[in-house]
Amino acid sequence: MRVSVSWLREYVDLPAGLATGDLEQALVDLGIEVESAVDLAETVTGQLVVGEVREIEELTGFKKPIRFCRVDVGDANGTGEPQEIVCGARNFAPGDRVVVILPGGVLPGGFAIGARKTYGHNSAGMICSAKELGLGDDHSGIIVLGPDVTAKPGDDARPVVGLDDVVLDLEITPDRGYALSLRGLARELSHAFDVPLRDPALAPAPSGTETPAYPVEVRDTVGCDRFTARLVRGVDPNAPTPSWMQQRLVTAGIRSISLPVDITNYVMLELGQPMHAFDADRIAGPLVVRRAEPGEKLTTLDGVNRVLAAEDMVICDDTGPISLAAVMGGETSEVVAGTTNVLFEAAHWDPAMVGRTARRHKLFSEAAKRWERGVDPAVALVALERAVRLLTEHGGGTPSVEILDIDHVRPRTPISLPADLPTRRVGVEYPPARVVALLERVGCTVAQGADRLSEDPGAVGVASGAATALSVTPPTWRPDLTDPADLVEEVVRLDGYDRVPSVLPTAPPGRGLTPRQRRRRAVAGSLAERGYVEVLAHPFVSPELADLLGLPADDPRRPAVRLANPLSEEEPLLRTTLLGPLLGILKRNLGRGHRDLALYEIGAVFHPRVGAGSPPAMGVDRRPTDAEFAAADAVVPAQPVHVAVVLTGDLDPAGWWGAGRPAGWADAIEAARDVLAAAGIPDEWVEVRAAEYAPWHPGRCAELRVDGAVVGHAGELHPVVVAALELPRRTCAMELDLDALPAAPVTPAPTVSGFPPALIDVALVVDDSVPAEQVRRALEAGAGELLEDVRLFDVYSGAQLGAGRRSLAYKLTFRAPDRTLTVEEAVAARDAAVAVAAERVGATLRGA
C-alpha cells in the first residue's frame, strides 16, 4: 500500500519535523514492513513546471500516434516562447495544463531529459505521466491538471502534483487488514508517537430508515451480513474529480476514472471500506444478494465474461447478476459518462468467500485484497455518508433521505485472558494494569467480571494480581483477534519488541554429528565423487504410479498415504519409493536435451500404518500429554530414509580416445556397493543375489543383503516400465533402505606389510547359474589368511566350455605380514582356494 505522509497528518498529529527514517523505524517497530519511504522532493531534479498546451499537431506515417506540441511554460525556458515537445499520449487537448520537465532535469531512476530531434521535429523536454514522476503505476496517459488548480504556466509543479511530500510503500501482512487504510495506519502511528488520533470513522452518520433507499433482498446473511445503500440523484455527469483527490489516488497507485468511482476508491483508502457505485438508471428492478447459480455468467468491468461458481456471491437485478460481490462490478450497471443517478453500496462480506472467489477468477482487486483480510463491519454507514457528501460537494445532486441498512452482524465474542499470560509467554514483566492499558489502546473493551482494573499503568498485583482473568472484547476493526495468543502479541507489540531481550539458549556440549547424519553425508559424498548429481524431488505421486512401475497387487509399496490438502489433485499421495519421482526428474532432463545422466536422491519414503485410525484432536491451549503424543505417533506413517540412483546413456563419455561405455545393470549394483561401503558396512557382510523385484528386469535384477537381511535392489529397469515412462532402453536404477542398515562396526587399523605380494591368476569354470559372488567368497574362504585381495577381471563363455558353462577369471593377491612368500606357499594357498571353490560351487580349473 502506498500512502502520503501529508494525508496521514490529517488524522494523526505526527511530530513536526519528523525525519523520514524515524517514521520508517516507528512503523517497523509496530510490525509493519516498510518497502520504501521516499521523499519525493529528492526524486526529480531540475525544472519541473506547469505548462499549458497551446497547439497540437498530429504526426502521421509512424507506427504509433505521435503529437508535436507547443506548450507555454512561462519564463521557465528563459525565452518566454512556447516549448516544442514531441509526445505520444492522447489524453490531453489544447488548453489543458500539464506537467513539464525541461532539458537538464532528471526523472526517478536517473532518466536524464535533454533536447533532441525525434520524429522529424525538435523536442525539448517531456510532458510527464504519473509513472514517469514516480507517483504511481499509471502510464496510460500524462497528468492533466484539474480546473481547481490555480498554478499558472512556469510555476513549480512539485507542490501541485505532490512531489513535496513523503510517500510510504508498505507491505501489510494478511492478519493486519485494518492497516490497509489511512484510518488504520493513523491509529498505529498514534500508538508509536503517543499523539492524538482523529478517527474518521467516528464522524456522525445517519442510521438506516424504515423505507429503504432502494429495494434489496439479502438471501445469504452468512456471505453478506450487512448491506447498506443510498441514492444520489441529479449528479453532474461532467463534474471532474478534484485534483487533490486525483493526486492522492495516483500516489496510492489507483487510476482516476470518474468522480463517483474515484470517490469509492478514495473512501476505501481513507476508511478501509470497499464500496461500489451503480448507475441507478441501468438497474432493472430490485436488487438480490445471493449465491450464484452454477454456470451463471457475468461480464465484469475488465471486459471478461466469467462463468460463476456456486460459492460466488453476486448482486442481481431482474436481468441476472450485475456484480461479482466484493470483487468487481459488472459492465451492465457501471457508472458511465452520462450517469446522473448514483446508487452507493457499502456492505460487509465473508472474508473466506471473497478470498476463494478472487483466486478462482484470478481477480485480485484492491477491494478483494481488503475483504479477505477483514473489514470493519461497523463503518459501512460512515463510509456511505462520506461518499455521498463528497459526491454532492463536487458533483452536485441530491442525496435521498432514505438509507438502506440490512444488519445481521453478530457481536464480537469476549476472550478470556489471564492477566499474567503475556508475562509467562514472553518473559517480560507486564503488570495487569499495563496489559489492560495496552489492550484498550488497541480498541479492546477490557473488564474483570463487574469490576474494571486500575488505569494506573504502573500498578502491580491489581485485583488478584497475576491470577486475574480479563474479559477482552476486540474492536470491530480487528477480526484477527480471536484467542489469547493474539492479545498477547498485541501487548508485546505495543509495549515494544525492543523490550523483549534477545537471549540465545546455552547450547549443550556437542558431540558433533550423529551416526545417522555422518552416514547420510558419507553416502552423499561418495555418490557425488563418482559423478552422480543430487536432486530433490517432491514427495508427491499419482495413484497411477504403482501401475506404471508394475508393482504387484500385494506389494507393500502399493498402499500410500493420501494428503488431505494436496498441492495438486493429480498427485495426492506420498511416495513409498524414491524411484517414481526420481524417474520423473530423469525424464524431464532427457526432454531438455541431456542424454548421459546419473542422478541420485536421499530422502524419506512414507509407509502407512494400516488400521492405525485417525490422530487425536489436539488444541493449542496447552502442551499435549505423553499419551496424546503416543497416540498421534501411532498414526504417523513410517518414514525410513532411502537412497536411490538412476542411470542412462554413457557412463564413460566418448571422445577422440574412443567410444564411450554405456551405463548398465552392473553399474547400478556397483553404486549400491559404493553406498554400503560409504555407510561403513564391511564387505564380508554384503551379499548380492539374483532376484525378481518390480520395477526391475527379472533377469537383470540383484537384491542386496546385509547380514542376511534384504536392504535394497539394483539393476536394469523392466522394458515395460521403461516404455510406460518413456525412458531410454536399458535405463538402470538402484534403491537402498539406509535405515535398515546395521550400525557400522569399529574398523581396526589395517596392518601394512612391507613385503612383496605374490600375484596369481586363476580361471574357474562353473555353471551359468552360479553367481560370481559365491565363487569369490569360496576363494576367500579357502585361501586363508595369506589372501590379501581377490578381484574378478574376466568372464568368458563359449562352445569349448560347453552349454550352460562359463569361465570366471580372478586375480589373487597373496602377502605375508612378516616375510616374503615362497612360490610353494603361494601355490598351496591358491590350490586350497580352488579346492573350496570346487567343493562349494562345483568349480574346475579351466584347462585342467
# chains A, B, ... in the order shown; residues from 1 in each chain; ligands from 1
>>> closest_atom_pairs(of="region 632-703 of chain A", to="region 757-769 of chain A", cutoff="12 Å", atoms="only C-alpha atoms", output="CSV")
residue,atom,partner,partner_atom,distance
A:Arg689,CA,A:Ser769,CA,11.0
A:Ala690,CA,A:Ser769,CA,9.5
A:Gly699,CA,A:Ser769,CA,11.4
>>> closest_atom_pairs(of="region 202-285 of chain A", to="region 470-482 of chain A", cutoff="12 Å", atoms="only C-alpha atoms", output="Markdown table")
| residue | atom | partner | partner_atom | distance |
| --- | --- | --- | --- | --- |
| A:Leu271 | CA | A:Trp477 | CA | 10.5 |
| A:Gly272 | CA | A:Trp477 | CA | 9.5 |
| A:Gln273 | CA | A:Trp477 | CA | 10.5 |
>>> write_last_selection(atoms="N, CA, C and O atoms", output="mmCIF file, in the first residue's frame")
data_model
loop_
_atom_site.group_PDB
_atom_site.id
_atom_site.type_symbol
_atom_site.label_atom_id
_atom_site.label_comp_id
_atom_site.auth_asym_id
_atom_site.auth_seq_id
_atom_site.Cartn_x
_atom_site.Cartn_y
_atom_site.Cartn_z
ATOM 1 N N LEU A 271 -11.052 4.945 4.855
ATOM 2 C CA LEU A 271 -11.705 4.223 5.951
ATOM 3 C C LEU A 271 -11.463 2.716 5.916
ATOM 4 O O LEU A 271 -11.775 2.023 6.882
ATOM 5 N N GLY A 272 -10.963 2.213 4.805
ATOM 6 C CA GLY A 272 -10.786 0.768 4.682
ATOM 7 C C GLY A 272 -12.037 0.044 4.261
ATOM 8 O O GLY A 272 -12.066 -1.188 4.268
ATOM 9 N N GLN A 273 -13.099 0.757 3.871
ATOM 10 C CA GLN A 273 -14.375 0.160 3.472
ATOM 11 C C GLN A 273 -14.496 0.173 1.951
ATOM 12 O O GLN A 273 -14.749 1.206 1.346
#
>>> residues_around(residues="region 678-684 of chain A", least_positions_apart="2", cutoff="12 Å", atoms="only C-alpha atoms", output="PDB file with N, CA and C atoms, in the first residue's frame")
ATOM      1  N   PRO A 515      25.569 -40.489  14.380  1.00  0.00           N
ATOM      2  CA  PRO A 515      25.961 -41.539  13.414  1.00  0.00           C
ATOM      3  C   PRO A 515      25.099 -41.529  12.156  1.00  0.00           C
ATOM      4  N   ARG A 516      23.788 -41.276  12.320  1.00  0.00           N
ATOM      5  CA  ARG A 516      22.906 -41.259  11.153  1.00  0.00           C
ATOM      6  C   ARG A 516      23.252 -40.104  10.222  1.00  0.00           C
ATOM      7  N   GLN A 517      23.559 -38.932  10.800  1.00  0.00           N
ATOM      8  CA  GLN A 517      23.943 -37.791   9.971  1.00  0.00           C
ATOM      9  C   GLN A 517      25.266 -38.044   9.261  1.00  0.00           C
ATOM     10  N   ARG A 518      26.239 -38.637   9.983  1.00  0.00           N
ATOM     11  CA  ARG A 518      27.532 -38.933   9.346  1.00  0.00           C
ATOM     12  C   ARG A 518      27.356 -39.918   8.198  1.00  0.00           C
ATOM     13  N   ARG A 519      26.495 -40.932   8.420  1.00  0.00           N
ATOM     14  CA  ARG A 519      26.288 -41.928   7.367  1.00  0.00           C
ATOM     15  C   ARG A 519      25.664 -41.272   6.138  1.00  0.00           C
ATOM     16  N   ARG A 520      24.660 -40.422   6.360  1.00  0.00           N
ATOM     17  CA  ARG A 520      23.999 -39.776   5.220  1.00  0.00           C
ATOM     18  C   ARG A 520      24.977 -38.906   4.444  1.00  0.00           C
ATOM     19  N   ARG A 521      25.811 -38.169   5.145  1.00  0.00           N
ATOM     20  CA  ARG A 521      26.778 -37.301   4.451  1.00  0.00           C
ATOM     21  C   ARG A 521      27.825 -38.131   3.721  1.00  0.00           C
ATOM     22  N   ALA A 522      28.236 -39.228   4.336  1.00  0.00           N
ATOM     23  CA  ALA A 522      29.235 -40.077   3.689  1.00  0.00           C
ATOM     24  C   ALA A 522      28.679 -40.684   2.408  1.00  0.00           C
ATOM     25  N   VAL A 523      27.422 -41.135   2.456  1.00  0.00           N
ATOM     26  CA  VAL A 523      26.801 -41.717   1.266  1.00  0.00           C
ATOM     27  C   VAL A 523      26.666 -40.667   0.171  1.00  0.00           C
ATOM     28  N   ALA A 524      26.189 -39.474   0.536  1.00  0.00           N
ATOM     29  CA  ALA A 524      26.036 -38.407  -0.463  1.00  0.00           C
ATOM     30  C   ALA A 524      27.379 -38.030  -1.065  1.00  0.00           C
ATOM     31  N   GLY A 525      28.396 -37.913  -0.229  1.00  0.00           N
ATOM     32  CA  GLY A 525      29.721 -37.568  -0.743  1.00  0.00           C
ATOM     33  C   GLY A 525      30.282 -38.633  -1.650  1.00  0.00           C
ATOM     34  N   SER A 526      30.064 -39.907  -1.302  1.00  0.00           N
ATOM     35  CA  SER A 526      30.580 -41.000  -2.122  1.00  0.00           C
ATOM     36  C   SER A 526      29.945 -40.997  -3.506  1.00  0.00           C
ATOM     37  N   LEU A 527      28.620 -40.821  -3.571  1.00  0.00           N
ATOM     38  CA  LEU A 527      27.958 -40.805  -4.876  1.00  0.00           C
ATOM     39  C   LEU A 527      28.357 -39.580  -5.685  1.00  0.00           C
ATOM     40  N   ALA A 528      28.479 -38.424  -5.026  1.00  0.00           N
ATOM     41  CA  ALA A 528      28.880 -37.219  -5.749  1.00  0.00           C
ATOM     42  C   ALA A 528      30.281 -37.360  -6.317  1.00  0.00           C
ATOM     43  N   GLU A 529      31.189 -37.988  -5.562  1.00  0.00           N
ATOM     44  CA  GLU A 529      32.555 -38.174  -6.046  1.00  0.00           C
ATOM     45  C   GLU A 529      32.609 -39.098  -7.253  1.00  0.00           C
ATOM     46  N   ARG A 530      31.618 -39.961  -7.391  1.00  0.00           N
ATOM     47  CA  ARG A 530      31.579 -40.892  -8.523  1.00  0.00           C
ATOM     48  C   ARG A 530      30.788 -40.346  -9.702  1.00  0.00           C
ATOM     49  N   VAL A 643      18.016 -44.279  -0.272  1.00  0.00           N
ATOM     50  CA  VAL A 643      18.881 -43.656  -1.270  1.00  0.00           C
ATOM     51  C   VAL A 643      18.625 -44.376  -2.583  1.00  0.00           C
ATOM     52  N   ALA A 671      27.001 -49.081  -7.706  1.00  0.00           N
ATOM     53  CA  ALA A 671      26.591 -47.915  -6.923  1.00  0.00           C
ATOM     54  C   ALA A 671      26.073 -48.343  -5.557  1.00  0.00           C
ATOM     55  N   ALA A 672      25.342 -49.463  -5.521  1.00  0.00           N
ATOM     56  CA  ALA A 672      24.857 -49.971  -4.238  1.00  0.00           C
ATOM     57  C   ALA A 672      26.022 -50.391  -3.352  1.00  0.00           C
ATOM     58  N   ARG A 673      27.000 -51.035  -3.942  1.00  0.00           N
ATOM     59  CA  ARG A 673      28.189 -51.437  -3.154  1.00  0.00           C
ATOM     60  C   ARG A 673      28.910 -50.208  -2.609  1.00  0.00           C
ATOM     61  N   ASP A 674      29.018 -49.172  -3.449  1.00  0.00           N
ATOM     62  CA  ASP A 674      29.686 -47.956  -3.002  1.00  0.00           C
ATOM     63  C   ASP A 674      28.940 -47.327  -1.824  1.00  0.00           C
ATOM     64  N   VAL A 675      27.599 -47.346  -1.896  1.00  0.00           N
ATOM     65  CA  VAL A 675      26.801 -46.795  -0.800  1.00  0.00           C
ATOM     66  C   VAL A 675      27.035 -47.579   0.477  1.00  0.00           C
ATOM     67  N   LEU A 676      27.035 -48.892   0.378  1.00  0.00           N
ATOM     68  CA  LEU A 676      27.234 -49.721   1.566  1.00  0.00           C
ATOM     69  C   LEU A 676      28.629 -49.524   2.142  1.00  0.00           C
ATOM     70  N   VAL A 686      28.148 -58.127   3.121  1.00  0.00           N
ATOM     71  CA  VAL A 686      27.317 -57.839   1.965  1.00  0.00           C
ATOM     72  C   VAL A 686      27.213 -59.070   1.068  1.00  0.00           C
ATOM     73  N   GLU A 687      25.992 -59.351   0.625  1.00  0.00           N
ATOM     74  CA  GLU A 687      25.765 -60.448  -0.308  1.00  0.00           C
ATOM     75  C   GLU A 687      24.865 -59.933  -1.424  1.00  0.00           C
ATOM     76  N   VAL A 688      25.255 -60.258  -2.665  1.00  0.00           N
ATOM     77  CA  VAL A 688      24.481 -59.848  -3.833  1.00  0.00           C
ATOM     78  C   VAL A 688      23.913 -61.100  -4.484  1.00  0.00           C
ATOM     79  N   LEU A 704      20.294 -56.868  -2.607  1.00  0.00           N
ATOM     80  CA  LEU A 704      21.461 -56.687  -1.748  1.00  0.00           C
ATOM     81  C   LEU A 704      21.071 -57.021  -0.328  1.00  0.00           C
ATOM     82  N   ARG A 705      21.851 -57.904   0.261  1.00  0.00           N
ATOM     83  CA  ARG A 705      21.603 -58.348   1.623  1.00  0.00           C
ATOM     84  C   ARG A 705      22.762 -57.921   2.514  1.00  0.00           C
ATOM     85  N   VAL A 706      22.423 -57.533   3.727  1.00  0.00           N
ATOM     86  CA  VAL A 706      23.423 -57.233   4.740  1.00  0.00           C
ATOM     87  C   VAL A 706      23.100 -58.093   5.956  1.00  0.00           C
ATOM     88  N   ASP A 707      24.017 -58.967   6.301  1.00  0.00           N
ATOM     89  CA  ASP A 707      23.774 -59.930   7.389  1.00  0.00           C
ATOM     90  C   ASP A 707      22.502 -60.732   7.151  1.00  0.00           C
ATOM     91  N   GLY A 708      22.256 -61.082   5.895  1.00  0.00           N
ATOM     92  CA  GLY A 708      21.120 -61.911   5.545  1.00  0.00           C
ATOM     93  C   GLY A 708      19.823 -61.175   5.335  1.00  0.00           C
ATOM     94  N   VAL A 711      18.204 -55.276   1.949  1.00  0.00           N
ATOM     95  CA  VAL A 711      18.193 -53.832   2.197  1.00  0.00           C
ATOM     96  C   VAL A 711      17.950 -53.023   0.935  1.00  0.00           C
ATOM     97  N   LEU A 736      18.152 -48.309  -1.977  1.00  0.00           N
ATOM     98  CA  LEU A 736      18.513 -48.973  -0.722  1.00  0.00           C
ATOM     99  C   LEU A 736      17.813 -48.276   0.442  1.00  0.00           C
ATOM    100  N   ASP A 737      17.489 -49.043   1.462  1.00  0.00           N
ATOM    101  CA  ASP A 737      16.920 -48.530   2.702  1.00  0.00           C
ATOM    102  C   ASP A 737      18.063 -48.264   3.675  1.00  0.00           C
ATOM    103  N   LEU A 738      18.445 -47.000   3.832  1.00  0.00           N
ATOM    104  CA  LEU A 738      19.565 -46.673   4.713  1.00  0.00           C
ATOM    105  C   LEU A 738      19.237 -46.975   6.172  1.00  0.00           C
ATOM    106  N   ASP A 739      17.970 -46.811   6.556  1.00  0.00           N
ATOM    107  CA  ASP A 739      17.605 -47.065   7.946  1.00  0.00           C
ATOM    108  C   ASP A 739      17.634 -48.546   8.290  1.00  0.00           C
ATOM    109  N   ALA A 740      17.634 -49.417   7.265  1.00  0.00           N
ATOM    110  CA  ALA A 740      17.691 -50.861   7.521  1.00  0.00           C
ATOM    111  C   ALA A 740      19.107 -51.365   7.726  1.00  0.00           C
ATOM    112  N   LEU A 741      20.098 -50.511   7.498  1.00  0.00           N
ATOM    113  CA  LEU A 741      21.491 -50.949   7.643  1.00  0.00           C
ATOM    114  C   LEU A 741      21.874 -50.981   9.118  1.00  0.00           C
ATOM    115  N   PRO A 742      22.586 -51.996   9.527  1.00  0.00           N
ATOM    116  CA  PRO A 742      23.047 -52.041  10.917  1.00  0.00           C
ATOM    117  C   PRO A 742      24.117 -50.989  11.164  1.00  0.00           C
ATOM    118  N   ALA A 743      24.388 -50.744  12.432  1.00  0.00           N
ATOM    119  CA  ALA A 743      25.442 -49.792  12.770  1.00  0.00           C
ATOM    120  C   ALA A 743      26.779 -50.298  12.265  1.00  0.00           C
ATOM    121  N   ALA A 744      27.597 -49.386  11.792  1.00  0.00           N
ATOM    122  CA  ALA A 744      28.918 -49.775  11.289  1.00  0.00           C
ATOM    123  C   ALA A 744      29.798 -50.217  12.445  1.00  0.00           C
ATOM    124  N   PRO A 745      30.520 -51.322  12.282  1.00  0.00           N
ATOM    125  CA  PRO A 745      31.414 -51.762  13.351  1.00  0.00           C
ATOM    126  C   PRO A 745      32.649 -50.881  13.435  1.00  0.00           C
ATOM    127  N   VAL A 746      33.343 -51.002  14.534  1.00  0.00           N
ATOM    128  CA  VAL A 746      34.604 -50.286  14.669  1.00  0.00           C
ATOM    129  C   VAL A 746      35.627 -50.943  13.751  1.00  0.00           C
ATOM    130  N   THR A 747      36.198 -50.173  12.878  1.00  0.00           N
ATOM    131  CA  THR A 747      37.137 -50.721  11.897  1.00  0.00           C
ATOM    132  C   THR A 747      38.552 -50.675  12.464  1.00  0.00           C
ATOM    133  N   PRO A 748      39.189 -51.837  12.618  1.00  0.00           N
ATOM    134  CA  PRO A 748      40.565 -51.820  13.135  1.00  0.00           C
ATOM    135  C   PRO A 748      41.514 -51.241  12.100  1.00  0.00           C
ATOM    136  N   GLU A 773      29.690 -63.862  -7.199  1.00  0.00           N
ATOM    137  CA  GLU A 773      29.931 -63.508  -5.812  1.00  0.00           C
ATOM    138  C   GLU A 773      30.152 -64.748  -4.955  1.00  0.00           C
ATOM    139  N   GLN A 774      29.414 -65.829  -5.236  1.00  0.00           N
ATOM    140  CA  GLN A 774      29.608 -67.064  -4.465  1.00  0.00           C
ATOM    141  C   GLN A 774      30.981 -67.663  -4.738  1.00  0.00           C
ATOM    142  N   ARG A 776      33.655 -65.977  -5.539  1.00  0.00           N
ATOM    143  CA  ARG A 776      34.641 -65.141  -4.846  1.00  0.00           C
ATOM    144  C   ARG A 776      34.697 -65.465  -3.367  1.00  0.00           C
ATOM    145  N   ARG A 777      33.534 -65.656  -2.755  1.00  0.00           N
ATOM    146  CA  ARG A 777      33.515 -65.971  -1.327  1.00  0.00           C
ATOM    147  C   ARG A 777      34.159 -67.325  -1.050  1.00  0.00           C
ATOM    148  N   ALA A 778      33.948 -68.270  -1.957  1.00  0.00           N
ATOM    149  CA  ALA A 778      34.576 -69.585  -1.786  1.00  0.00           C
ATOM    150  C   ALA A 778      36.100 -69.480  -1.866  1.00  0.00           C
ATOM    151  N   GLU A 780      37.891 -66.846  -1.124  1.00  0.00           N
ATOM    152  CA  GLU A 780      38.350 -66.182   0.090  1.00  0.00           C
ATOM    153  C   GLU A 780      38.407 -67.161   1.259  1.00  0.00           C
ATOM    154  N   ALA A 781      37.387 -68.009   1.349  1.00  0.00           N
ATOM    155  CA  ALA A 781      37.345 -68.953   2.466  1.00  0.00           C
ATOM    156  C   ALA A 781      38.471 -69.973   2.385  1.00  0.00           C
ATOM    157  N   ASP A 789      43.710 -59.932  -1.425  1.00  0.00           N
ATOM    158  CA  ASP A 789      42.678 -59.377  -2.288  1.00  0.00           C
ATOM    159  C   ASP A 789      42.338 -60.389  -3.367  1.00  0.00           C
TER     160      ASP A 789
END
>>> residues_around(residues="Pro153 (chain A)", least_positions_apart="4", cutoff="8 Å", atoms="only C-alpha atoms", output="PyMOL selection string")
chain A and resi 49-52+72-74+97
>>> closest_residue(among="A:Leu180, A:Val426, A:Pro294, A:Asn341", to="Ala367 (chain A)", atoms="only C-alpha atoms")
A:Leu180
>>> select_by_dssp(residues="region 446-544 of chain A", states="strand (DSSP E or B)", output="ChimeraX atom specification")
/A:446-448,451,469-473,533-534,540-541
>>> residues_around(residues="region 76-81 of chain A", least_positions_apart="4", cutoff="12 Å", atoms="only C-alpha atoms", output="PyMOL selection string")
chain A and resi 46-52+54+70-72+100-104+124-125+152-157
>>> write_last_selection(atoms="N, CA and C atoms", output="tab-separated table (two decimals), in the first residue's frame")
chain	number	residue	atom	x	y	z
A	46	GLY	N	16.06	19.41	-11.34
A	46	GLY	CA	15.91	20.28	-12.49
A	46	GLY	C	14.58	21.01	-12.47
A	47	GLN	N	14.21	21.57	-13.61
A	47	GLN	CA	12.99	22.38	-13.72
A	47	GLN	C	11.79	21.50	-14.04
A	48	LEU	N	10.90	21.36	-13.06
A	48	LEU	CA	9.62	20.67	-13.26
A	48	LEU	C	8.54	21.73	-13.09
A	49	VAL	N	7.87	22.09	-14.19
A	49	VAL	CA	6.99	23.25	-14.17
A	49	VAL	C	5.61	22.90	-14.71
A	50	VAL	N	4.68	23.80	-14.44
A	50	VAL	CA	3.34	23.71	-15.02
A	50	VAL	C	3.39	24.28	-16.43
A	51	GLY	N	2.78	23.57	-17.36
A	51	GLY	CA	2.72	24.05	-18.73
A	51	GLY	C	1.29	24.04	-19.24
A	52	GLU	N	1.00	24.95	-20.18
A	52	GLU	CA	-0.33	24.97	-20.80
A	52	GLU	C	-0.17	24.68	-22.29
A	54	ARG	N	-0.65	24.81	-26.00
A	54	ARG	CA	-1.16	25.83	-26.92
A	54	ARG	C	-1.61	25.20	-28.24
A	70	ARG	N	3.15	22.43	-28.74
A	70	ARG	CA	3.76	23.69	-28.30
A	70	ARG	C	3.13	24.03	-26.97
A	71	VAL	N	3.98	24.10	-25.94
A	71	VAL	CA	3.50	24.22	-24.58
A	71	VAL	C	4.05	25.50	-23.96
A	72	ASP	N	3.14	26.31	-23.41
A	72	ASP	CA	3.53	27.54	-22.72
A	72	ASP	C	4.06	27.18	-21.34
A	100	VAL	N	5.53	19.57	-17.03
A	100	VAL	CA	6.62	19.51	-18.00
A	100	VAL	C	7.95	19.52	-17.26
A	101	ILE	N	8.86	18.64	-17.66
A	101	ILE	CA	10.24	18.71	-17.18
A	101	ILE	C	11.10	19.19	-18.33
A	102	LEU	N	11.88	20.23	-18.07
A	102	LEU	CA	12.68	20.87	-19.11
A	102	LEU	C	14.05	20.22	-19.23
A	103	PRO	N	14.75	20.43	-20.34
A	103	PRO	CA	16.08	19.84	-20.53
A	103	PRO	C	17.00	20.16	-19.36
A	104	GLY	N	17.78	19.17	-18.96
A	104	GLY	CA	18.66	19.29	-17.80
A	104	GLY	C	18.09	18.63	-16.56
A	124	ALA	N	12.20	19.43	-26.87
A	124	ALA	CA	12.98	19.93	-25.74
A	124	ALA	C	12.18	19.73	-24.47
A	125	GLY	N	12.41	18.60	-23.82
A	125	GLY	CA	11.71	18.31	-22.57
A	125	GLY	C	10.72	17.18	-22.72
A	152	LYS	N	-0.09	28.70	-12.52
A	152	LYS	CA	-0.05	29.20	-13.90
A	152	LYS	C	1.20	28.67	-14.59
A	153	PRO	N	1.26	28.76	-15.94
A	153	PRO	CA	2.42	28.26	-16.66
A	153	PRO	C	3.73	28.84	-16.14
A	154	GLY	N	4.69	27.96	-15.96
A	154	GLY	CA	6.01	28.34	-15.46
A	154	GLY	C	6.18	28.13	-13.97
A	155	ASP	N	5.07	27.95	-13.22
A	155	ASP	CA	5.17	27.72	-11.77
A	155	ASP	C	5.76	26.33	-11.49
A	156	ASP	N	6.39	26.23	-10.34
A	156	ASP	CA	6.95	24.94	-9.91
A	156	ASP	C	5.80	23.94	-9.76
A	157	ALA	N	5.93	22.78	-10.41
A	157	ALA	CA	4.85	21.79	-10.40
A	157	ALA	C	4.93	20.83	-9.23
>>> closest_residue(among="A:Arg386, A:Val342, A:Val288, A:Asp350", to="Met268 (chain A)", atoms="only C-alpha atoms")
A:Arg386
>>> atom_distance(atom1="CA of Ala723 (chain A)", atom2="CA of Ala604 (chain A)")
26.8 Å
>>> closest_residue(among="A:Leu545, A:Val752, A:Ala553, A:Leu390", to="Leu725 (chain A)", atoms="only C-alpha atoms")
A:Leu545
>>> closest_atom_pairs(of="region 186-218 of chain A", to="region 8-30 of chain A", cutoff="9 Å", atoms="only C-alpha atoms", output="CSV")
residue,atom,partner,partner_atom,distance
A:Ala186,CA,A:Val12,CA,5.6
A:Arg187,CA,A:Val12,CA,7.5
A:Glu188,CA,A:Leu30,CA,7.3
A:Leu189,CA,A:Leu27,CA,7.3
A:Ser190,CA,A:Val12,CA,6.3
A:His191,CA,A:Leu30,CA,8.8
A:Ala192,CA,A:Ala26,CA,6.1
A:Phe193,CA,A:Leu14,CA,7.3
A:Val195,CA,A:Asp13,CA,5.9
A:Pro196,CA,A:Val12,CA,6.1
A:Leu197,CA,A:Val12,CA,4.8
A:Arg198,CA,A:Tyr11,CA,4.7
A:Asp199,CA,A:Tyr11,CA,6.5
A:Pro200,CA,A:Tyr11,CA,7.3
>>> select_by_dssp(residues="region 435-665 of chain A", states="helix (DSSP H, G or I)", output="ChimeraX atom specification")
/A:435-442,465-467,484-495,497-499,515-529,545-548,579-591,626-635,665
>>> residues_around(residues="Leu787 (chain A)", least_positions_apart="4", cutoff="7 Å", atoms="only C-alpha atoms", output="PyMOL selection string")
chain A and resi 783+813-815
>>> residues_around(residues="Gly396 (chain A)", least_positions_apart="4", cutoff="7 Å", atoms="only C-alpha atoms", output="VMD selection string")
chain A and resid 235 to 236 391 to 392
>>> closest_residue(among="A:Ala612, A:Glu571, A:Asp596, A:Asp420", to="Pro662 (chain A)", atoms="only C-alpha atoms")
A:Asp596
>>> atom_distance(atom1="CA of Gly374 (chain A)", atom2="CA of Tyr178 (chain A)")
7.1 Å
>>> closest_residue(among="A:Gly162, A:Pro65, A:Pro501, A:Gly329", to="Thr251 (chain A)", atoms="only C-alpha atoms")
A:Gly162
>>> closest_residue(among="A:Ala358, A:Asp96, A:Glu534, A:Glu825", to="Pro147 (chain A)", atoms="only C-alpha atoms")
A:Asp96
>>> atom_distance(atom1="CA of Val354 (chain A)", atom2="CA of Ala368 (chain A)")
6.3 Å
